[in-house]
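First the structure, in the form of structure tokens, and then the observations on it.
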Amino acid sequence: MRFFPGWQTDISMGWRNVGRNPTRTILACFAIAIAQVTLIWINSFMNGDEAKIFETLTGPILGHIQIHAPEYREDEAIERDIPNATALANGIAEVPRVRVVSMRVYAPVLAALKEMGHVAKLTGMSIATERKPGGVLEGLAPDLVPMGPEILVGKGLAADMGVHLGDTLALMGQAVDGSIASGLYRVKAIIETPVDQINQAGIIMDLPISQDFLGMVDQVHEMVIRTDNRQYIPGVLSSLRNLPDLKPYEILSWDQIVPNMAMLLQMAGKINYLILVLVFLTTIAGVANTMMMATFERVHEFGMLLALGCNPSRLIRLLAIESLMLGIIGVAIGTSIGIAFTMYGVRNGIDLSALGGTSQGSNLTFEGMSLSMKIFPILKFKDVAGGVGAVCVTSVLASLWPAHKISRLEPVEAMRT
Amino acid sequence: MANALAADMPRVEDVIHNLDDLYRTSASTGHVELIAKTETQTRHLKMRVWSKGKDKSLIIIDEPAREAGTATLKVGNNLWNYLPKISRTIRIPPSMMLSSWMGTDFTNDDLVKDTSYERDFDTRIVGRSNDPTGWTGVMEVKPGVVGRWQKIEWVVNEEGTLPVVARYYDRKGRLARTMRFTEVKMMGGRKIPTRMLLETVDQPGHLTELRYLDMKFDVKLSDNLFSLSQLESQ
């Protein structure tokens, strides 16, 4: 502090100045706080929005990585399957960072309540696995879990067919050996999932029951892998490709399976970034404007100080300290309010459909996935810290420029202003 | 030369008539074997078939044992499958008409469609075919006719009485499938190709073979045979 003799005095002067004009102080702090609230909130909202889209796309059906028999994706023939699936899935589950492995069986079927057949897509999946968070059947009540020859029917299909709980459906399809598969199954529940295809034409069976229906012995059509976090996908992908047992199969990450969606997500990320930049500039401009106005308003006062012999550089220092104090107070208030607001959103979610005044329900269908309009913001420390830094620095810089100009005025001239 | 060609050439009307009524009589019954090969498996089905006019037919699978009793009934444009394992009859919805029939490369539409070459297509004989020997003809769908095929290229035998090869082109003009007719024999008093081989372009490695084991033509069949109640009591 050798270079700034009298800094303690400067600080106490700055503090006194902050309290001297409460209206000005409150207004400046308000502008700064609003900027910080906006930055925290918009950042968290965007984080939540992007995570929501990613989770919706990759969550329930797509997963992070998929494994199929070669050419299954081009021609979903029932016989293009993966044999010895249980042992393979156990091997995959041991790969580090693999959170869950879901096995699926798919088959087009004809479903009939009475005589008329309806086209449906049968999905065999482990009900126990899919009821866990992130699964297709997340939140399915225990009393709706199908047992034995029981099925879940998508609500669109159920409405088309006039199916009710407890009805028995006849299903007809093609077994894995090419023969005709048929069976009678009781409707345990009519479901609405995040997957529009399932809602519209889906029938879900527990994996062993579906394998039995289609004459499959420990065979599946698809293995869906979810990793602990998005960032681990490339690592897990290469580990899986090195597993000798998986050599005959096609192993792809979600963005290779749906490149269009990956591109859309990337584009959405860029648009979010652009919005963030605009919000940042707007809020920062607001702070800068308030601070500059507040400084220019005091030219007369600064002229007086200069006339009393105050060194111009000390004047600048005084103003910088004062602005920094305002910045810290404002940002502290803004951070508290911003975090409180965001935490409310984190807990309760923000329903965009309610904001839009739509009565269409709170889901939007996108690429066959039912996208919830309820966003849960994600609060990140870096966003809060970035806001604190940016708002404080801006408030100091925005007052230094006019201060610098004033310090170069003749005291008499300044006092006349 | 042109005169010689014209003299040999079968009359278009006769060829169409022959193709339209090749297997069609007032009523027929018989046994058929179907072999459906894919890249990974081969299925053998033995079936009994009945048909009456253009509108009614019934197919019941006898072999393999696990599929025995599975039946398909066609009346007009409607198609039902009877599934003995669950004792239920399911009507095939219109949206499934182009899907596989009983897991073969034949579609439900092949069974239902009462295609009349004479009514639906404009036919012309193009000229001689050397391999296979016979006459090449082209059928082009008439404007306003709804159906799967835009064009069918035929090769018929020297006499113009029996088909040898048929190539089916879809509505976009792409070759979709080829049907070969072989092993011409007398059966039920008629000379017919008893073996048909179907290859589809979009399913390489697939081959469906249909063999007529025995056939009786112009038999008497009751209309009751082609009813749902009869289907379920088979």
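By convention in this document, the chains of the structure tokens carry letters A, B, ... by their order, each chain's residues are numbered from 1, and ligands are numbered from 1 in the order they are shown.
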Would you write out, as JSON lines, a table of all residues in chain B that have an atom no more than 6 Å from an atom of chain A, listing for each the closest atom pair and the distance in Å to one decimal, considering only C-alpha atoms and ordering rows by chain and rising residue number?
{"residue": "B:Ile90", "atom": "CA", "partner": "A:Glu115", "partner_atom": "CA", "distance": 5.0}
{"residue": "B:Arg91", "atom": "CA", "partner": "A:Met116", "partner_atom": "CA", "distance": 4.7}
{"residue": "B:Ile92", "atom": "CA", "partner": "A:Gly117", "partner_atom": "CA", "distance": 5.5}
{"residue": "B:Pro93", "atom": "CA", "partner": "A:Gly117", "partner_atom": "CA", "distance": 5.7}
{"residue": "B:Gly103", "atom": "CA", "partner": "A:Gly178", "partner_atom": "CA", "distance": 5.7}
Can I get the selection written as a JSON list (two decimals), in the first residue's frame, with N, CA and C atoms?
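Writing the result to part-v1.json gives the following:
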[["chain", "number", "residue", "atom", "x", "y", "z"],
["B", 90, "ILE", "N", -58.17, -62.26, -36.61],
["B", 90, "ILE", "CA", -57.81, -60.84, -36.69],
["B", 90, "ILE", "C", -57.96, -60.39, -38.14],
["B", 91, "ARG", "N", -58.68, -59.29, -38.33],
["B", 91, "ARG", "CA", -58.81, -58.74, -39.67],
["B", 91, "ARG", "C", -57.61, -57.85, -39.97],
["B", 92, "ILE", "N", -57.04, -58.04, -41.14],
["B", 92, "ILE", "CA", -55.85, -57.26, -41.51],
["B", 92, "ILE", "C", -56.30, -55.85, -41.91],
["B", 93, "PRO", "N", -55.75, -54.82, -41.25],
["B", 93, "PRO", "CA", -56.16, -53.46, -41.60],
["B", 93, "PRO", "C", -55.57, -53.05, -42.95],
["B", 103, "GLY", "N", -45.01, -63.92, -43.04],
["B", 103, "GLY", "CA", -43.55, -63.93, -42.98],
["B", 103, "GLY", "C", -42.86, -64.29, -44.28]]
Fewer than 4 positions away in the same chain doesn't count, so skip those; otherwise give me all residues within 12 Å of Asn224 of chain B, counting only C-alpha atoms, as number ranges by chain.
B: 52, 56-58, 73, 75, 220, 228-231, 233
Selected residues written out with C-alpha atoms, as an mmCIF file, in the first residue's frame:
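Written file, part-v8.cif:
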data_model
loop_
_atom_site.group_PDB
_atom_site.id
_atom_site.type_symbol
_atom_site.label_atom_id
_atom_site.label_comp_id
_atom_site.auth_asym_id
_atom_site.auth_seq_id
_atom_site.Cartn_x
_atom_site.Cartn_y
_atom_site.Cartn_z
ATOM 1 C CA LYS B 52 -63.992 -69.534 -55.696
ATOM 2 C CA LYS B 56 -63.063 -65.790 -52.279
ATOM 3 C CA SER B 57 -60.120 -67.828 -51.115
ATOM 4 C CA LEU B 58 -59.054 -69.741 -48.053
ATOM 5 C CA LEU B 73 -59.546 -66.028 -45.460
ATOM 6 C CA VAL B 75 -63.548 -62.344 -49.176
ATOM 7 C CA LYS B 220 -68.028 -77.277 -56.556
ATOM 8 C CA LEU B 228 -65.594 -66.478 -40.496
ATOM 9 C CA SER B 229 -67.549 -69.116 -38.592
ATOM 10 C CA GLN B 230 -66.168 -71.805 -40.854
ATOM 11 C CA LEU B 231 -62.675 -70.311 -40.496
ATOM 12 C CA SER B 233 -64.173 -74.142 -36.766
#
If you count only C-alpha atoms, which residues fall within 7 Å of segment 49-61 of chain A, apart from same-chain ones fewer than 2 positions away, as JSON, numbers by chain?
{"A": [45, 46, 47, 63, 64, 134, 135, 136, 254, 269, 369, 371, 375]}
Shell around Gln203 of chain B at 10 Å using only C-alpha atoms, local window under 3 positions removed, as a PyMOL selection string
(chain A and resi 75) or (chain B and resi 38-39+105+176-177+199-200+206-207)
Just how far from atom CA of Gly387 of chain A is atom CA of Arg20 of chain A, in Å to one decimal?
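Interatomic distance here is 27.2 Å.
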Close residues, segment 30-33 of chain B itself excluded, 12 Å, only C-alpha atoms, min 3 positions apart in chain, as a PDB file with N, CA, C and O atoms, in the first residue's frame:
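So the final result, stored in out-v2.pdb, reads:
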ATOM      1  N   TYR B  23     -54.629 -69.492 -63.227  1.00  0.00           N
ATOM      2  CA  TYR B  23     -54.962 -70.358 -62.097  1.00  0.00           C
ATOM      3  C   TYR B  23     -56.416 -70.150 -61.664  1.00  0.00           C
ATOM      4  O   TYR B  23     -56.839 -70.638 -60.641  1.00  0.00           O
ATOM      5  N   ALA B  27     -64.069 -72.468 -59.400  1.00  0.00           N
ATOM      6  CA  ALA B  27     -63.638 -72.842 -58.055  1.00  0.00           C
ATOM      7  C   ALA B  27     -62.508 -73.855 -58.170  1.00  0.00           C
ATOM      8  O   ALA B  27     -62.494 -74.672 -59.093  1.00  0.00           O
ATOM      9  N   ALA B  36     -39.832 -70.274 -47.920  1.00  0.00           N
ATOM     10  CA  ALA B  36     -39.393 -68.880 -47.813  1.00  0.00           C
ATOM     11  C   ALA B  36     -37.971 -68.869 -47.264  1.00  0.00           C
ATOM     12  O   ALA B  36     -37.740 -69.274 -46.127  1.00  0.00           O
ATOM     13  N   ARG B  43     -37.943 -71.398 -44.297  1.00  0.00           N
ATOM     14  CA  ARG B  43     -39.210 -71.882 -43.737  1.00  0.00           C
ATOM     15  C   ARG B  43     -39.930 -72.718 -44.765  1.00  0.00           C
ATOM     16  O   ARG B  43     -40.011 -72.327 -45.934  1.00  0.00           O
ATOM     17  N   HIS B  44     -40.445 -73.857 -44.344  1.00  0.00           N
ATOM     18  CA  HIS B  44     -41.252 -74.713 -45.225  1.00  0.00           C
ATOM     19  C   HIS B  44     -42.677 -74.693 -44.713  1.00  0.00           C
ATOM     20  O   HIS B  44     -42.908 -74.987 -43.539  1.00  0.00           O
ATOM     21  N   LEU B  45     -43.602 -74.351 -45.571  1.00  0.00           N
ATOM     22  CA  LEU B  45     -45.013 -74.408 -45.182  1.00  0.00           C
ATOM     23  C   LEU B  45     -45.744 -75.300 -46.167  1.00  0.00           C
ATOM     24  O   LEU B  45     -45.506 -75.217 -47.380  1.00  0.00           O
ATOM     25  N   LYS B  46     -46.616 -76.145 -45.659  1.00  0.00           N
ATOM     26  CA  LYS B  46     -47.515 -76.890 -46.536  1.00  0.00           C
ATOM     27  C   LYS B  46     -48.929 -76.414 -46.245  1.00  0.00           C
ATOM     28  O   LYS B  46     -49.312 -76.277 -45.067  1.00  0.00           O
ATOM     29  N   MET B  47     -49.671 -76.153 -47.291  1.00  0.00           N
ATOM     30  CA  MET B  47     -50.977 -75.528 -47.097  1.00  0.00           C
ATOM     31  C   MET B  47     -52.034 -76.166 -47.983  1.00  0.00           C
ATOM     32  O   MET B  47     -51.719 -76.683 -49.059  1.00  0.00           O
ATOM     33  N   ARG B  48     -53.271 -76.082 -47.518  1.00  0.00           N
ATOM     34  CA  ARG B  48     -54.406 -76.418 -48.375  1.00  0.00           C
ATOM     35  C   ARG B  48     -55.011 -75.101 -48.847  1.00  0.00           C
ATOM     36  O   ARG B  48     -55.082 -74.143 -48.061  1.00  0.00           O
ATOM     37  N   VAL B  49     -55.403 -75.064 -50.099  1.00  0.00           N
ATOM     38  CA  VAL B  49     -55.983 -73.814 -50.619  1.00  0.00           C
ATOM     39  C   VAL B  49     -57.316 -74.098 -51.308  1.00  0.00           C
ATOM     40  O   VAL B  49     -57.502 -75.160 -51.911  1.00  0.00           O
ATOM     41  N   TRP B  50     -58.212 -73.150 -51.159  1.00  0.00           N
ATOM     42  CA  TRP B  50     -59.495 -73.206 -51.861  1.00  0.00           C
ATOM     43  C   TRP B  50     -59.726 -71.828 -52.468  1.00  0.00           C
ATOM     44  O   TRP B  50     -59.381 -70.821 -51.852  1.00  0.00           O
ATOM     45  N   SER B  51     -60.318 -71.784 -53.625  1.00  0.00           N
ATOM     46  CA  SER B  51     -60.711 -70.472 -54.131  1.00  0.00           C
ATOM     47  C   SER B  51     -61.982 -70.604 -54.955  1.00  0.00           C
ATOM     48  O   SER B  51     -62.264 -71.666 -55.538  1.00  0.00           O
ATOM     49  N   SER B  57     -61.127 -66.771 -51.239  1.00  0.00           N
ATOM     50  CA  SER B  57     -60.120 -67.828 -51.115  1.00  0.00           C
ATOM     51  C   SER B  57     -59.828 -68.114 -49.652  1.00  0.00           C
ATOM     52  O   SER B  57     -60.057 -67.265 -48.774  1.00  0.00           O
ATOM     53  N   LEU B  58     -59.345 -69.303 -49.408  1.00  0.00           N
ATOM     54  CA  LEU B  58     -59.054 -69.741 -48.053  1.00  0.00           C
ATOM     55  C   LEU B  58     -57.760 -70.544 -48.097  1.00  0.00           C
ATOM     56  O   LEU B  58     -57.573 -71.390 -48.971  1.00  0.00           O
ATOM     57  N   ILE B  59     -56.864 -70.236 -47.176  1.00  0.00           N
ATOM     58  CA  ILE B  59     -55.586 -70.954 -47.095  1.00  0.00           C
ATOM     59  C   ILE B  59     -55.441 -71.453 -45.660  1.00  0.00           C
ATOM     60  O   ILE B  59     -55.583 -70.663 -44.714  1.00  0.00           O
ATOM     61  N   ILE B  60     -55.180 -72.726 -45.510  1.00  0.00           N
ATOM     62  CA  ILE B  60     -54.955 -73.268 -44.159  1.00  0.00           C
ATOM     63  C   ILE B  60     -53.593 -73.945 -44.127  1.00  0.00           C
ATOM     64  O   ILE B  60     -53.280 -74.776 -44.982  1.00  0.00           O
ATOM     65  N   ILE B  61     -52.789 -73.558 -43.141  1.00  0.00           N
ATOM     66  CA  ILE B  61     -51.448 -74.143 -43.016  1.00  0.00           C
ATOM     67  C   ILE B  61     -51.565 -75.509 -42.325  1.00  0.00           C
ATOM     68  O   ILE B  61     -52.239 -75.637 -41.296  1.00  0.00           O
ATOM     69  N   ASP B  62     -50.936 -76.526 -42.915  1.00  0.00           N
ATOM     70  CA  ASP B  62     -50.929 -77.872 -42.317  1.00  0.00           C
ATOM     71  C   ASP B  62     -49.590 -78.173 -41.638  1.00  0.00           C
ATOM     72  O   ASP B  62     -49.536 -78.884 -40.644  1.00  0.00           O
ATOM     73  N   GLU B  63     -48.533 -77.683 -42.235  1.00  0.00           N
ATOM     74  CA  GLU B  63     -47.183 -77.919 -41.692  1.00  0.00           C
ATOM     75  C   GLU B  63     -46.425 -76.613 -41.749  1.00  0.00           C
ATOM     76  O   GLU B  63     -46.645 -75.829 -42.677  1.00  0.00           O
ATOM     77  N   PRO B  64     -45.513 -76.373 -40.834  1.00  0.00           N
ATOM     78  CA  PRO B  64     -45.088 -77.201 -39.709  1.00  0.00           C
ATOM     79  C   PRO B  64     -46.179 -77.293 -38.638  1.00  0.00           C
ATOM     80  O   PRO B  64     -47.078 -76.459 -38.596  1.00  0.00           O
ATOM     81  N   MET B 187     -51.931 -80.529 -64.446  1.00  0.00           N
ATOM     82  CA  MET B 187     -52.424 -80.669 -63.072  1.00  0.00           C
ATOM     83  C   MET B 187     -53.903 -80.307 -63.067  1.00  0.00           C
ATOM     84  O   MET B 187     -54.273 -79.221 -63.540  1.00  0.00           O
ATOM     85  N   GLY B 188     -54.727 -81.210 -62.597  1.00  0.00           N
ATOM     86  CA  GLY B 188     -56.169 -80.953 -62.561  1.00  0.00           C
ATOM     87  C   GLY B 188     -56.741 -80.691 -63.936  1.00  0.00           C
ATOM     88  O   GLY B 188     -57.689 -79.897 -64.062  1.00  0.00           O
ATOM     89  N   THR B 194     -45.989 -75.146 -62.281  1.00  0.00           N
ATOM     90  CA  THR B 194     -46.298 -75.597 -60.917  1.00  0.00           C
ATOM     91  C   THR B 194     -45.317 -75.039 -59.894  1.00  0.00           C
ATOM     92  O   THR B 194     -45.430 -75.332 -58.708  1.00  0.00           O
ATOM     93  N   ARG B 195     -44.348 -74.292 -60.377  1.00  0.00           N
ATOM     94  CA  ARG B 195     -43.371 -73.744 -59.430  1.00  0.00           C
ATOM     95  C   ARG B 195     -43.168 -72.261 -59.744  1.00  0.00           C
ATOM     96  O   ARG B 195     -42.928 -71.897 -60.904  1.00  0.00           O
ATOM     97  N   MET B 196     -43.294 -71.441 -58.727  1.00  0.00           N
ATOM     98  CA  MET B 196     -43.092 -70.004 -58.905  1.00  0.00           C
ATOM     99  C   MET B 196     -42.005 -69.544 -57.944  1.00  0.00           C
ATOM    100  O   MET B 196     -42.022 -69.911 -56.765  1.00  0.00           O
ATOM    101  N   LEU B 197     -41.074 -68.762 -58.472  1.00  0.00           N
ATOM    102  CA  LEU B 197     -39.975 -68.260 -57.647  1.00  0.00           C
ATOM    103  C   LEU B 197     -40.065 -66.749 -57.594  1.00  0.00           C
ATOM    104  O   LEU B 197     -40.083 -66.086 -58.639  1.00  0.00           O
ATOM    105  N   THR B 208     -38.669 -66.640 -52.273  1.00  0.00           N
ATOM    106  CA  THR B 208     -39.880 -67.358 -51.887  1.00  0.00           C
ATOM    107  C   THR B 208     -40.295 -68.253 -53.048  1.00  0.00           C
ATOM    108  O   THR B 208     -40.372 -67.795 -54.192  1.00  0.00           O
ATOM    109  N   GLU B 209     -40.512 -69.499 -52.722  1.00  0.00           N
ATOM    110  CA  GLU B 209     -40.846 -70.474 -53.763  1.00  0.00           C
ATOM    111  C   GLU B 209     -42.221 -71.054 -53.455  1.00  0.00           C
ATOM    112  O   GLU B 209     -42.496 -71.448 -52.317  1.00  0.00           O
ATOM    113  N   LEU B 210     -43.071 -71.082 -54.460  1.00  0.00           N
ATOM    114  CA  LEU B 210     -44.417 -71.623 -54.283  1.00  0.00           C
ATOM    115  C   LEU B 210     -44.572 -72.806 -55.228  1.00  0.00           C
ATOM    116  O   LEU B 210     -44.373 -72.662 -56.436  1.00  0.00           O
ATOM    117  N   ARG B 211     -44.894 -73.954 -54.677  1.00  0.00           N
ATOM    118  CA  ARG B 211     -45.066 -75.163 -55.504  1.00  0.00           C
ATOM    119  C   ARG B 211     -46.497 -75.650 -55.392  1.00  0.00           C
ATOM    120  O   ARG B 211     -47.002 -75.810 -54.275  1.00  0.00           O
ATOM    121  N   TYR B 212     -47.104 -75.921 -56.530  1.00  0.00           N
ATOM    122  CA  TYR B 212     -48.422 -76.550 -56.524  1.00  0.00           C
ATOM    123  C   TYR B 212     -48.185 -78.054 -56.457  1.00  0.00           C
ATOM    124  O   TYR B 212     -47.540 -78.622 -57.343  1.00  0.00           O
ATOM    125  N   LEU B 213     -48.674 -78.693 -55.394  1.00  0.00           N
ATOM    126  CA  LEU B 213     -48.464 -80.137 -55.257  1.00  0.00           C
ATOM    127  C   LEU B 213     -49.566 -80.904 -55.981  1.00  0.00           C
ATOM    128  O   LEU B 213     -49.309 -81.897 -56.639  1.00  0.00           O
ATOM    129  N   ASP B 214     -50.787 -80.452 -55.804  1.00  0.00           N
ATOM    130  CA  ASP B 214     -51.894 -80.980 -56.611  1.00  0.00           C
ATOM    131  C   ASP B 214     -53.001 -79.945 -56.649  1.00  0.00           C
ATOM    132  O   ASP B 214     -53.141 -79.145 -55.711  1.00  0.00           O
ATOM    133  N   MET B 215     -53.725 -79.928 -57.728  1.00  0.00           N
ATOM    134  CA  MET B 215     -54.800 -78.938 -57.888  1.00  0.00           C
ATOM    135  C   MET B 215     -55.988 -79.575 -58.588  1.00  0.00           C
ATOM    136  O   MET B 215     -55.820 -80.457 -59.432  1.00  0.00           O
ATOM    137  N   LYS B 216     -57.176 -79.152 -58.159  1.00  0.00           N
ATOM    138  CA  LYS B 216     -58.379 -79.550 -58.887  1.00  0.00           C
ATOM    139  C   LYS B 216     -59.077 -78.261 -59.300  1.00  0.00           C
ATOM    140  O   LYS B 216     -59.239 -77.347 -58.474  1.00  0.00           O
ATOM    141  N   PHE B 217     -59.430 -78.197 -60.584  1.00  0.00           N
ATOM    142  CA  PHE B 217     -60.093 -76.994 -61.066  1.00  0.00           C
ATOM    143  C   PHE B 217     -61.567 -77.280 -61.342  1.00  0.00           C
ATOM    144  O   PHE B 217     -61.971 -78.428 -61.532  1.00  0.00           O
ATOM    145  N   ASP B 218     -62.340 -76.203 -61.392  1.00  0.00           N
ATOM    146  CA  ASP B 218     -63.778 -76.283 -61.681  1.00  0.00           C
ATOM    147  C   ASP B 218     -64.496 -77.279 -60.765  1.00  0.00           C
ATOM    148  O   ASP B 218     -65.260 -78.128 -61.228  1.00  0.00           O
ATOM    149  N   VAL B 219     -64.179 -77.175 -59.461  1.00  0.00           N
ATOM    150  CA  VAL B 219     -64.870 -78.037 -58.504  1.00  0.00           C
ATOM    151  C   VAL B 219     -66.051 -77.261 -57.917  1.00  0.00           C
ATOM    152  O   VAL B 219     -66.175 -76.051 -58.131  1.00  0.00           O
TER     153      VAL B 219
END
So how many Å separate atom CA of Leu274 of chain A and atom CA of Ile42 of chain A, to one decimal?
12.0 Å
Fewer than 2 positions away in the same chain doesn't count, so skip those; otherwise give me all residues within 12 Å of Ile16 of chain B, counting only C-alpha atoms, as a PDB file with N, CA and C atoms, in the first residue's frame.
ATOM      1  N   PRO B  10     -48.151 -64.201 -80.895  1.00  0.00           N
ATOM      2  CA  PRO B  10     -49.473 -64.462 -80.347  1.00  0.00           C
ATOM      3  C   PRO B  10     -50.281 -63.166 -80.249  1.00  0.00           C
ATOM      4  N   ARG B  11     -51.585 -63.315 -80.285  1.00  0.00           N
ATOM      5  CA  ARG B  11     -52.433 -62.127 -80.185  1.00  0.00           C
ATOM      6  C   ARG B  11     -52.429 -61.608 -78.742  1.00  0.00           C
ATOM      7  N   VAL B  12     -52.313 -60.303 -78.631  1.00  0.00           N
ATOM      8  CA  VAL B  12     -52.252 -59.683 -77.300  1.00  0.00           C
ATOM      9  C   VAL B  12     -53.448 -60.112 -76.447  1.00  0.00           C
ATOM     10  N   GLU B  13     -54.632 -60.088 -77.041  1.00  0.00           N
ATOM     11  CA  GLU B  13     -55.846 -60.410 -76.289  1.00  0.00           C
ATOM     12  C   GLU B  13     -55.775 -61.819 -75.712  1.00  0.00           C
ATOM     13  N   ASP B  14     -55.216 -62.742 -76.526  1.00  0.00           N
ATOM     14  CA  ASP B  14     -55.116 -64.127 -76.052  1.00  0.00           C
ATOM     15  C   ASP B  14     -54.150 -64.230 -74.882  1.00  0.00           C
ATOM     16  N   ASN B  18     -55.026 -65.499 -71.211  1.00  0.00           N
ATOM     17  CA  ASN B  18     -54.338 -66.663 -70.644  1.00  0.00           C
ATOM     18  C   ASN B  18     -53.731 -66.344 -69.283  1.00  0.00           C
ATOM     19  N   LEU B  19     -53.100 -65.162 -69.185  1.00  0.00           N
ATOM     20  CA  LEU B  19     -52.448 -64.791 -67.921  1.00  0.00           C
ATOM     21  C   LEU B  19     -53.493 -64.541 -66.839  1.00  0.00           C
ATOM     22  N   ASP B  20     -54.577 -63.877 -67.224  1.00  0.00           N
ATOM     23  CA  ASP B  20     -55.628 -63.572 -66.240  1.00  0.00           C
ATOM     24  C   ASP B  20     -56.242 -64.838 -65.673  1.00  0.00           C
ATOM     25  N   ASP B  21     -56.439 -65.836 -66.516  1.00  0.00           N
ATOM     26  CA  ASP B  21     -57.175 -67.026 -66.080  1.00  0.00           C
ATOM     27  C   ASP B  21     -56.295 -68.244 -65.845  1.00  0.00           C
ATOM     28  N   LEU B  22     -54.970 -67.963 -65.670  1.00  0.00           N
ATOM     29  CA  LEU B  22     -54.024 -69.077 -65.544  1.00  0.00           C
ATOM     30  C   LEU B  22     -54.405 -70.053 -64.426  1.00  0.00           C
ATOM     31  N   THR B 115     -56.290 -58.277 -59.242  1.00  0.00           N
ATOM     32  CA  THR B 115     -55.757 -57.613 -60.426  1.00  0.00           C
ATOM     33  C   THR B 115     -56.312 -58.279 -61.687  1.00  0.00           C
ATOM     34  N   SER B 116     -56.793 -57.460 -62.556  1.00  0.00           N
ATOM     35  CA  SER B 116     -57.190 -57.970 -63.857  1.00  0.00           C
ATOM     36  C   SER B 116     -56.287 -57.293 -64.874  1.00  0.00           C
ATOM     37  N   TYR B 117     -55.450 -58.117 -65.529  1.00  0.00           N
ATOM     38  CA  TYR B 117     -54.521 -57.516 -66.492  1.00  0.00           C
ATOM     39  C   TYR B 117     -55.297 -56.834 -67.610  1.00  0.00           C
ATOM     40  N   GLU B 118     -56.413 -57.455 -67.960  1.00  0.00           N
ATOM     41  CA  GLU B 118     -57.201 -56.918 -69.067  1.00  0.00           C
ATOM     42  C   GLU B 118     -57.828 -55.569 -68.695  1.00  0.00           C
ATOM     43  N   ARG B 119     -58.308 -55.494 -67.437  1.00  0.00           N
ATOM     44  CA  ARG B 119     -59.006 -54.279 -67.015  1.00  0.00           C
ATOM     45  C   ARG B 119     -58.037 -53.157 -66.647  1.00  0.00           C
ATOM     46  N   ASP B 120     -56.914 -53.519 -65.989  1.00  0.00           N
ATOM     47  CA  ASP B 120     -56.063 -52.499 -65.370  1.00  0.00           C
ATOM     48  C   ASP B 120     -54.861 -52.071 -66.214  1.00  0.00           C
ATOM     49  N   PHE B 121     -54.494 -52.868 -67.223  1.00  0.00           N
ATOM     50  CA  PHE B 121     -53.246 -52.574 -67.932  1.00  0.00           C
ATOM     51  C   PHE B 121     -53.451 -52.468 -69.445  1.00  0.00           C
ATOM     52  N   ASP B 122     -52.616 -51.641 -70.052  1.00  0.00           N
ATOM     53  CA  ASP B 122     -52.506 -51.610 -71.515  1.00  0.00           C
ATOM     54  C   ASP B 122     -51.342 -52.518 -71.878  1.00  0.00           C
ATOM     55  N   THR B 123     -51.600 -53.501 -72.689  1.00  0.00           N
ATOM     56  CA  THR B 123     -50.565 -54.496 -72.987  1.00  0.00           C
ATOM     57  C   THR B 123     -50.147 -54.430 -74.448  1.00  0.00           C
ATOM     58  N   ARG B 124     -48.867 -54.640 -74.673  1.00  0.00           N
ATOM     59  CA  ARG B 124     -48.386 -54.768 -76.053  1.00  0.00           C
ATOM     60  C   ARG B 124     -47.284 -55.816 -76.080  1.00  0.00           C
ATOM     61  N   ILE B 125     -47.195 -56.486 -77.196  1.00  0.00           N
ATOM     62  CA  ILE B 125     -46.108 -57.455 -77.366  1.00  0.00           C
ATOM     63  C   ILE B 125     -44.949 -56.703 -77.989  1.00  0.00           C
ATOM     64  N   GLY B 137     -43.548 -59.103 -73.521  1.00  0.00           N
ATOM     65  CA  GLY B 137     -44.665 -58.166 -73.547  1.00  0.00           C
ATOM     66  C   GLY B 137     -44.536 -57.161 -72.418  1.00  0.00           C
ATOM     67  N   VAL B 138     -45.124 -56.009 -72.594  1.00  0.00           N
ATOM     68  CA  VAL B 138     -45.093 -54.989 -71.548  1.00  0.00           C
ATOM     69  C   VAL B 138     -46.524 -54.591 -71.217  1.00  0.00           C
ATOM     70  N   MET B 139     -46.810 -54.569 -69.933  1.00  0.00           N
ATOM     71  CA  MET B 139     -48.109 -54.084 -69.472  1.00  0.00           C
ATOM     72  C   MET B 139     -47.878 -52.784 -68.730  1.00  0.00           C
ATOM     73  N   TRP B 154     -43.353 -58.971 -69.194  1.00  0.00           N
ATOM     74  CA  TRP B 154     -43.606 -60.411 -69.230  1.00  0.00           C
ATOM     75  C   TRP B 154     -42.749 -61.077 -70.286  1.00  0.00           C
ATOM     76  N   VAL B 156     -43.605 -64.612 -72.158  1.00  0.00           N
ATOM     77  CA  VAL B 156     -44.524 -65.754 -72.225  1.00  0.00           C
ATOM     78  C   VAL B 156     -43.916 -66.786 -73.177  1.00  0.00           C
ATOM     79  N   GLY B 160     -47.608 -68.316 -76.343  1.00  0.00           N
ATOM     80  CA  GLY B 160     -48.306 -67.199 -75.705  1.00  0.00           C
ATOM     81  C   GLY B 160     -49.344 -67.651 -74.701  1.00  0.00           C
ATOM     82  N   THR B 161     -49.202 -68.890 -74.212  1.00  0.00           N
ATOM     83  CA  THR B 161     -50.222 -69.425 -73.311  1.00  0.00           C
ATOM     84  C   THR B 161     -49.783 -69.419 -71.846  1.00  0.00           C
ATOM     85  N   LEU B 162     -48.460 -69.482 -71.621  1.00  0.00           N
ATOM     86  CA  LEU B 162     -47.986 -69.584 -70.235  1.00  0.00           C
ATOM     87  C   LEU B 162     -46.916 -68.530 -69.943  1.00  0.00           C
ATOM     88  N   PRO B 163     -46.934 -67.995 -68.728  1.00  0.00           N
ATOM     89  CA  PRO B 163     -45.896 -67.028 -68.365  1.00  0.00           C
ATOM     90  C   PRO B 163     -44.576 -67.747 -68.070  1.00  0.00           C
TER      91      PRO B 163
END
